[in-house]
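Pasted below: entry.txt, compact mmCIF, C-alpha atoms and all ligand atoms.
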# COMPACT_ATOMS: atom_id res chain seq x y z
CA MET A 926 107.30 -0.87 96.06
CA SER A 927 108.65 -1.27 92.59
CA GLY A 928 110.60 1.27 90.61
CA ARG A 929 112.83 4.05 91.81
CA MET A 930 111.66 6.94 93.93
CA GLY A 931 110.94 10.10 92.00
CA VAL A 932 110.18 8.31 88.78
CA LYS A 933 106.91 7.33 87.19
CA ARG A 934 106.02 5.82 83.85
CA CYS A 935 103.73 7.24 81.21
CA PRO A 936 100.52 5.11 81.06
CA TYR A 937 100.33 5.62 77.29
CA CYS A 938 103.86 5.01 76.02
CA SER A 939 105.73 3.74 79.15
CA THR A 940 108.36 6.49 78.97
CA ASN A 941 110.05 7.20 82.30
CA LEU A 942 109.06 10.62 83.63
CA ASN A 943 109.97 12.69 86.65
CA LYS A 944 107.47 12.42 89.47
CA GLY A 945 106.47 16.09 89.18
CA ASP A 946 105.79 15.98 85.44
CA THR A 947 102.22 16.70 84.40
CA ARG A 948 102.76 15.97 80.72
CA CYS A 949 104.70 13.22 78.98
CA PHE A 950 107.53 14.72 76.94
CA SER A 951 107.42 11.76 74.55
CA CYS A 952 103.74 11.46 73.58
CA LYS A 953 102.63 14.92 74.83
CA ARG A 954 99.69 13.53 76.79
CA LYS A 955 98.74 14.74 80.25
CA VAL A 956 99.64 12.41 83.07
CA GLY A 957 98.65 12.40 86.73
CA GLU A 958 100.37 11.23 89.89
CA ALA A 959 102.09 7.88 90.10
CA ASN A 960 100.10 4.97 91.48
CA LYS A 961 101.57 2.27 93.74
CA ASP A 962 103.10 0.53 90.74
CA GLY A 963 104.93 3.66 89.64
CA ILE A 964 102.65 4.20 86.65
CA ALA A 965 101.23 7.70 86.18
CA LYS A 966 97.44 7.93 86.39
CA LYS A 967 95.46 9.07 83.39
CA PRO A 968 93.85 12.37 84.42
CA PHE A 969 90.12 12.62 83.77
CA ASP A 970 89.53 14.75 80.71
CA TRP A 971 86.46 16.82 81.59
CA LYS A 972 86.66 18.83 78.39
CA GLY A 973 86.79 15.77 76.18
CA TYR A 974 84.06 14.10 78.24
CA GLY A 975 81.78 17.13 77.90
CA MET A 976 82.45 17.40 74.19
CA SER A 977 81.58 13.73 73.64
CA ILE A 978 78.30 14.18 75.55
CA LEU A 979 77.46 17.28 73.48
CA ALA A 980 78.29 15.40 70.29
CA THR A 981 76.04 12.51 71.34
CA ILE A 982 73.17 14.86 72.20
CA ALA A 983 73.62 16.70 68.91
CA PHE A 984 73.65 13.39 67.01
CA ILE A 985 70.49 12.13 68.73
CA GLY A 986 68.83 15.49 68.16
CA PHE A 987 69.75 15.40 64.50
CA MET A 988 68.48 11.84 64.09
CA TRP A 989 65.23 12.78 65.81
CA TRP A 990 64.91 15.83 63.59
CA ALA A 991 65.74 13.86 60.44
CA PHE A 992 63.39 10.91 60.97
CA PHE A 993 60.60 11.99 63.28
CA ARG A 994 59.65 15.49 62.15
CA LYS A 995 56.29 15.86 60.47
ZN ZN B 1001 103.91 9.13 76.99

Show how you would write the structure in this file as structure tokens.
Amino acid sequence: MSGRMGVKRCPYCSTNLNKGDTRCFSCKRKVGEANKDGIAKKPFDWKGYGMSILATIAFIGFMWWAFFRK
């Protein structure tokens, strides 16, 4: 094991955080539990993932509408 117990590092900006922290106080991003290297995991962003899918569908729909309508 590397690093001290009770501490994990932000995966985005490498700031040291308490193990129970769910958000980095430095870069304000959400962080998950520490992995074996003491680096916090990046939590899966379902909302962002869904929004990107919706945006892609909307874009494809718009392209279809713009170029293939009769
Ligand atoms: Zn951070």

Find the nearest atom pair between each residue of chain A and ligand ZN 1001 (chain B) for residues within 6 Å, count only C-alpha atoms and all ligand atoms, give distances in Å to one decimal, sort rows by chain and ascending number, and present the table as JSON lines.
{"residue": "A:Cys935", "atom": "CA", "partner": "B:ZN1001", "partner_atom": "ZN", "distance": 4.6}
{"residue": "A:Tyr937", "atom": "CA", "partner": "B:ZN1001", "partner_atom": "ZN", "distance": 5.0}
{"residue": "A:Cys938", "atom": "CA", "partner": "B:ZN1001", "partner_atom": "ZN", "distance": 4.2}
{"residue": "A:Thr940", "atom": "CA", "partner": "B:ZN1001", "partner_atom": "ZN", "distance": 5.5}
{"residue": "A:Cys949", "atom": "CA", "partner": "B:ZN1001", "partner_atom": "ZN", "distance": 4.6}
{"residue": "A:Ser951", "atom": "CA", "partner": "B:ZN1001", "partner_atom": "ZN", "distance": 5.0}
{"residue": "A:Cys952", "atom": "CA", "partner": "B:ZN1001", "partner_atom": "ZN", "distance": 4.1}

Okay, now the selection with C-alpha atoms, as an mmCIF file, in the frame of the given file?
data_model
loop_
_atom_site.group_PDB
_atom_site.id
_atom_site.type_symbol
_atom_site.label_atom_id
_atom_site.label_comp_id
_atom_site.auth_asym_id
_atom_site.auth_seq_id
_atom_site.Cartn_x
_atom_site.Cartn_y
_atom_site.Cartn_z
ATOM 1 C CA CYS A 935 103.730 7.240 81.210
ATOM 2 C CA TYR A 937 100.330 5.620 77.290
ATOM 3 C CA CYS A 938 103.860 5.010 76.020
ATOM 4 C CA THR A 940 108.360 6.490 78.970
ATOM 5 C CA CYS A 949 104.700 13.220 78.980
ATOM 6 C CA SER A 951 107.420 11.760 74.550
ATOM 7 C CA CYS A 952 103.740 11.460 73.580
#

task: One decimal, Å: what's the distance from CA of Met988 in chain A over to CA of Met976 in chain A, could you say?
output: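 Computing the Euclidean distance for CA of Met988 in chain A and CA of Met976 in chain A yields 18.1 Å.
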
- request: Provide the CA of Leu979 in chain A to CA of Glu958 in chain A distance in Å, to one decimal place.
  value: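 Result for CA of Leu979 in chain A versus CA of Glu958 in chain A: 28.8 Å, one decimal.
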
field: Nearby residues (only C-alpha atoms) at most 12 Å from Arg954 in chain A, same-chain spacing under 6 positions excluded, as a ChimeraX atom specification
entry: /A:935-940,942,946-948,965-970

query: For the atom pair CA of Gly931 in chain A and CA of Gly963 in chain A, what is the interatomic distance in Å to one decimal place?
result: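 For CA of Gly931 in chain A relative to CA of Gly963 in chain A, the distance reads 9.1 Å.
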